[in-house]
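Heads up, target_24.cif below (mmCIF, C-alpha atoms):
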```
data_start
loop_
_atom_site.label_atom_id
_atom_site.label_comp_id
_atom_site.auth_asym_id
_atom_site.auth_seq_id
_atom_site.Cartn_x
_atom_site.Cartn_y
_atom_site.Cartn_z
CA TRP A 1164 116.28 115.66 130.55
CA ASN A 1165 114.18 118.75 130.15
CA LYS A 1166 111.26 119.19 132.42
CA GLY A 1167 108.43 121.60 132.15
CA LYS A 1168 104.97 122.05 133.50
CA ALA A 1169 103.06 118.78 133.64
CA VAL A 1170 100.09 118.38 131.33
CA GLU A 1171 96.72 118.73 133.03
CA ALA A 1172 96.09 114.97 133.02
CA PHE A 1173 99.05 114.46 135.34
CA LEU A 1174 98.03 117.05 137.92
CA ASP A 1175 96.45 115.35 140.93
CA PHE A 1176 95.98 112.15 138.92
CA ASP A 1177 95.97 110.14 142.15
CA LYS A 1178 92.55 111.67 142.85
CA ASP A 1179 91.15 110.97 139.39
CA ILE A 1180 92.98 108.18 137.55
CA SER A 1181 90.41 108.26 134.72
CA ARG A 1182 91.89 111.58 133.48
CA LEU A 1183 95.29 109.93 133.22
CA SER A 1184 93.78 106.94 131.43
CA ASP A 1185 91.94 109.23 128.99
CA PHE A 1186 95.17 111.12 128.30
CA TYR A 1187 97.07 107.96 127.37
CA LYS A 1188 94.18 106.65 125.32
CA SER A 1189 94.04 109.73 123.11
CA ASN A 1190 97.70 110.78 123.16
CA GLY A 1191 99.60 107.55 123.53
CA CYS A 1192 102.93 107.61 125.28
CA GLY A 1193 106.55 108.18 124.37
CA MET A 1194 107.13 109.48 120.89
CA PHE A 1195 103.48 108.96 119.91
CA ALA A 1196 102.42 111.47 122.56
CA ARG A 1197 105.06 113.99 121.55
CA TYR A 1198 104.88 113.77 117.74
CA ARG A 1199 102.01 113.56 115.27
CA ALA A 1200 103.89 112.66 112.09
CA PHE A 1201 106.31 109.83 111.42
CA ILE A 1202 108.23 108.29 108.56
CA TRP A 1203 109.25 104.69 107.98
CA ARG A 1204 113.03 104.77 107.74
CA ASP A 1205 115.72 102.13 108.26
CA GLY A 1206 113.17 99.52 109.31
CA ASP A 1207 111.61 101.61 112.06
CA ILE A 1208 109.14 104.41 112.74
CA GLN A 1209 110.99 107.72 113.09
CA PRO A 1210 109.34 110.94 114.29
CA VAL A 1211 109.19 113.97 112.01
CA GLU A 1212 110.57 116.86 114.06
CA HIS A 1213 108.99 119.63 111.96
CA PRO A 1214 105.86 118.39 110.16
CA ASP A 1215 103.89 120.47 107.68
CA LYS A 1216 101.38 122.58 109.66
CA ILE A 1217 98.87 122.92 106.83
CA SER A 1218 95.23 123.13 107.90
CA MET A 1219 91.95 122.32 106.18
CA GLU A 1220 91.05 126.02 106.15
CA SER A 1221 93.97 126.83 103.82
CA PHE A 1222 92.45 125.10 100.76
CA VAL A 1223 90.54 126.65 97.89
CA GLY A 1224 88.64 124.42 95.49
CA TYR A 1225 87.97 120.69 95.35
CA GLU A 1226 85.74 120.96 98.43
CA SER A 1227 83.54 118.04 97.39
CA GLN A 1228 86.49 115.68 96.92
CA ARG A 1229 88.25 116.89 100.06
CA ASN A 1230 85.08 116.48 102.12
CA LYS A 1231 84.82 112.82 101.09
CA VAL A 1232 88.30 112.19 102.50
CA LEU A 1233 87.45 114.22 105.60
CA LEU A 1234 84.23 112.24 106.24
CA ASN A 1235 86.02 108.94 105.61
CA THR A 1236 88.67 109.91 108.18
CA LYS A 1237 86.02 110.98 110.66
CA SER A 1238 84.32 107.58 110.27
CA PHE A 1239 87.68 105.90 110.87
CA ILE A 1240 88.29 107.91 114.06
CA GLU A 1241 84.79 107.04 115.29
CA GLY A 1242 85.28 103.32 114.60
CA LYS A 1243 82.72 103.26 111.79
CA THR A 1244 83.02 101.78 108.31
CA CYS A 1245 85.72 103.49 106.24
CA ASN A 1246 87.90 102.85 103.22
CA ASN A 1247 91.49 103.10 102.18
CA CYS A 1248 91.82 106.05 99.80
CA LEU A 1249 93.69 106.73 96.59
CA LEU A 1250 93.80 110.46 95.89
CA TYR A 1251 94.62 111.00 92.24
CA GLY A 1252 94.64 114.00 89.96
CA ASP A 1253 96.81 116.60 88.34
CA LYS A 1254 100.02 117.75 89.96
CA GLY A 1255 99.52 120.61 92.42
CA THR A 1256 95.85 119.96 93.20
CA GLY A 1257 96.52 119.38 96.91
CA LYS A 1258 96.38 115.61 97.22
CA SER A 1259 99.34 115.26 99.61
CA SER A 1260 98.47 118.50 101.38
CA THR A 1261 94.96 117.17 102.02
CA VAL A 1262 96.31 114.06 103.72
CA LYS A 1263 98.68 116.12 105.87
CA ALA A 1264 95.94 118.62 106.78
CA ILE A 1265 93.59 115.80 107.78
CA ALA A 1266 96.30 114.34 110.01
CA ASN A 1267 96.68 117.76 111.64
CA GLU A 1268 92.92 118.19 111.97
CA PHE A 1269 92.40 114.92 113.85
CA ARG A 1270 95.57 114.85 115.95
CA LYS A 1271 93.60 115.77 119.05
CA ASP A 1272 91.45 112.67 118.41
CA GLY A 1273 94.47 110.36 118.55
CA LEU A 1274 95.24 110.27 114.81
CA ARG A 1275 98.86 109.91 113.75
CA ILE A 1276 100.36 109.64 110.28
CA VAL A 1277 103.21 107.38 109.15
CA GLU A 1278 104.64 107.91 105.68
CA ILE A 1279 106.08 104.80 104.06
CA PRO A 1280 108.00 105.21 100.82
CA LYS A 1281 106.61 103.11 97.99
CA GLU A 1282 109.89 101.25 97.61
CA ARG A 1283 109.59 100.10 101.24
CA LEU A 1284 106.11 98.59 100.92
CA VAL A 1285 107.73 95.20 101.46
CA ASP A 1286 108.14 96.39 105.08
CA PHE A 1287 104.38 96.87 105.49
CA PRO A 1288 103.96 93.77 107.71
CA ILE A 1289 106.70 95.04 110.03
CA LEU A 1290 105.14 98.50 110.19
CA VAL A 1291 101.66 97.21 111.02
CA ASP A 1292 103.10 94.91 113.70
CA LYS A 1293 104.61 97.99 115.36
CA ILE A 1294 101.37 100.00 115.41
CA ALA A 1295 98.64 97.34 115.72
CA SER A 1296 98.59 97.30 119.53
CA LEU A 1297 98.84 101.07 120.02
CA PRO A 1298 95.74 103.00 121.17
CA MET A 1299 95.96 105.69 118.49
CA LYS A 1300 94.64 105.52 114.95
CA PHE A 1301 97.14 105.74 112.07
CA ILE A 1302 97.03 106.87 108.49
CA ILE A 1303 99.67 104.97 106.57
CA PHE A 1304 100.60 107.46 103.86
CA ILE A 1305 102.08 106.45 100.52
CA ASP A 1306 102.90 109.61 98.59
CA ASP A 1307 103.26 109.89 94.81
CA LEU A 1308 102.42 106.32 93.97
CA SER A 1309 103.28 105.35 90.43
CA PHE A 1310 104.36 102.09 88.87
CA GLN A 1311 106.61 101.06 86.04
CA LYS A 1312 106.26 97.80 84.12
CA GLN A 1313 107.45 94.82 86.14
CA ASP A 1314 107.39 96.93 89.32
CA GLN A 1315 107.44 94.67 92.40
CA SER A 1316 105.95 97.38 94.62
CA TYR A 1317 102.64 97.11 92.69
CA THR A 1318 102.34 93.44 93.63
CA THR A 1319 103.24 94.26 97.22
CA LEU A 1320 100.66 97.05 97.45
CA LYS A 1321 97.99 94.84 95.92
CA ALA A 1322 98.65 92.19 98.57
CA VAL A 1323 98.50 94.83 101.31
CA LEU A 1324 95.17 96.22 100.08
CA GLU A 1325 93.58 92.83 99.51
CA GLY A 1326 94.79 91.58 102.87
CA GLY A 1327 97.42 88.91 102.99
CA LEU A 1328 98.71 87.26 106.11
CA ALA A 1329 99.67 90.72 107.40
CA ALA A 1330 96.35 92.47 107.00
CA ARG A 1331 95.83 96.12 107.78
CA PRO A 1332 94.99 96.42 111.49
CA ASP A 1333 91.77 98.08 112.66
CA ASN A 1334 93.70 101.14 113.85
CA ALA A 1335 95.27 101.85 110.45
CA LEU A 1336 94.02 103.26 107.17
CA ILE A 1337 96.00 103.58 103.94
CA TYR A 1338 95.95 106.89 102.08
CA ALA A 1339 97.93 107.05 98.85
CA THR A 1340 98.40 109.78 96.25
CA SER A 1341 99.11 109.47 92.56
CA ASN A 1342 99.21 111.69 89.49
#
```
Let's see the structure in the file written out as structure tokens.
Amino acid sequence: WNKGKAVEAFLDFDKDISRLSDFYKSNGCGMFARYRAFIWRDGDIQPVEHPDKISMESFVGYESQRNKVLLNTKSFIEGKTCNNCLLYGDKGTGKSSTVKAIANEFRKDGLRIVEIPKERLVDFPILVDKIASLPMKFIIFIDDLSFQKQDQSYTTLKAVLEGGLAARPDNALIYATSN
């Protein structure tokens, strides 16, 4: 076990328990406090040790489109009406980078990102069960979404978006990219 200096919320928390409560509310605990990005792998949420550090300031162009995603995410964080998003366009226009930058931008507000590969969309109900009761907000990220004829993942995604028995929880939003 490595120990270091305690975060401010833990200093003298016996005098002000609300600081400790606020810390857990915005940062979660365990791996959700330590990491901001995750991937769905082997039937579980695994932390990404070295996530992309891209920021919103690093983009040039497509400001109007990017701002729509930014405002949608802000509404989500604030508990207002928001939508799942499909970012589509030519290769190299920054669709995936936008999603990662937004996750970085709102980390301090309790936003986390979980990437689920398209071929694992059948695991969506398991994933949402694991995050539904957590205090943070999650972007469920499906990168490079494309379908072939008779592709079962299309049917699965359609059921997820339309809300089947395992509906998207209030603390999760789906962002997908496609060319």
Close residues, Tyr1198 in chain A itself excluded, 9 Å, all atoms listed in the file, min 3 positions apart in chain, as a list of chain:residue names: A:Gly1193, A:Met1194, A:Phe1195, A:Phe1201, A:Pro1210, A:Val1211, A:Glu1212, A:Pro1214, A:Arg1275
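Using only C-alpha atoms, the shortest contact distance between Met1299 in chain A and any of A:Gly1252, A:Gly1224, A:Gly1257, A:Gly1242 is found at A:Gly1242.
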Expected selection from the PyMOL selection byres ((chain A and resi 1205) around 12), given as number ranges by chain: A: 1202-1204, 1206-1209, 1279-1280, 1283, 1286, 1289-1290
Pick from A:Ser1218, A:Thr1340, A:Ser1296, A:Gln1228, whichever lies nearest to Arg1270 in chain A using only C-alpha atoms: A:Ser1218
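Comparing A:Ser1341, A:Asp1292, A:Gly1273, A:Ser1227 by their smallest distance to Cys1192 in chain A, the closest is A:Gly1273 (using all atoms listed in the file).
Residues lying within 12 Å of (95.6, 120.1, 120.3). Counted over only C-alpha atoms, they are Ser1189, Asn1190, Ala1196, Arg1197, Tyr1198, Arg1199, Ala1266, Asn1267, Glu1268, Phe1269, Arg1270, Lys1271, Asp1272, Gly1273 and Leu1274 of chain A.
Straight-line separation from CA of Glu1226 in chain A to CA of Leu1336 in chain A: 21.4 Å.
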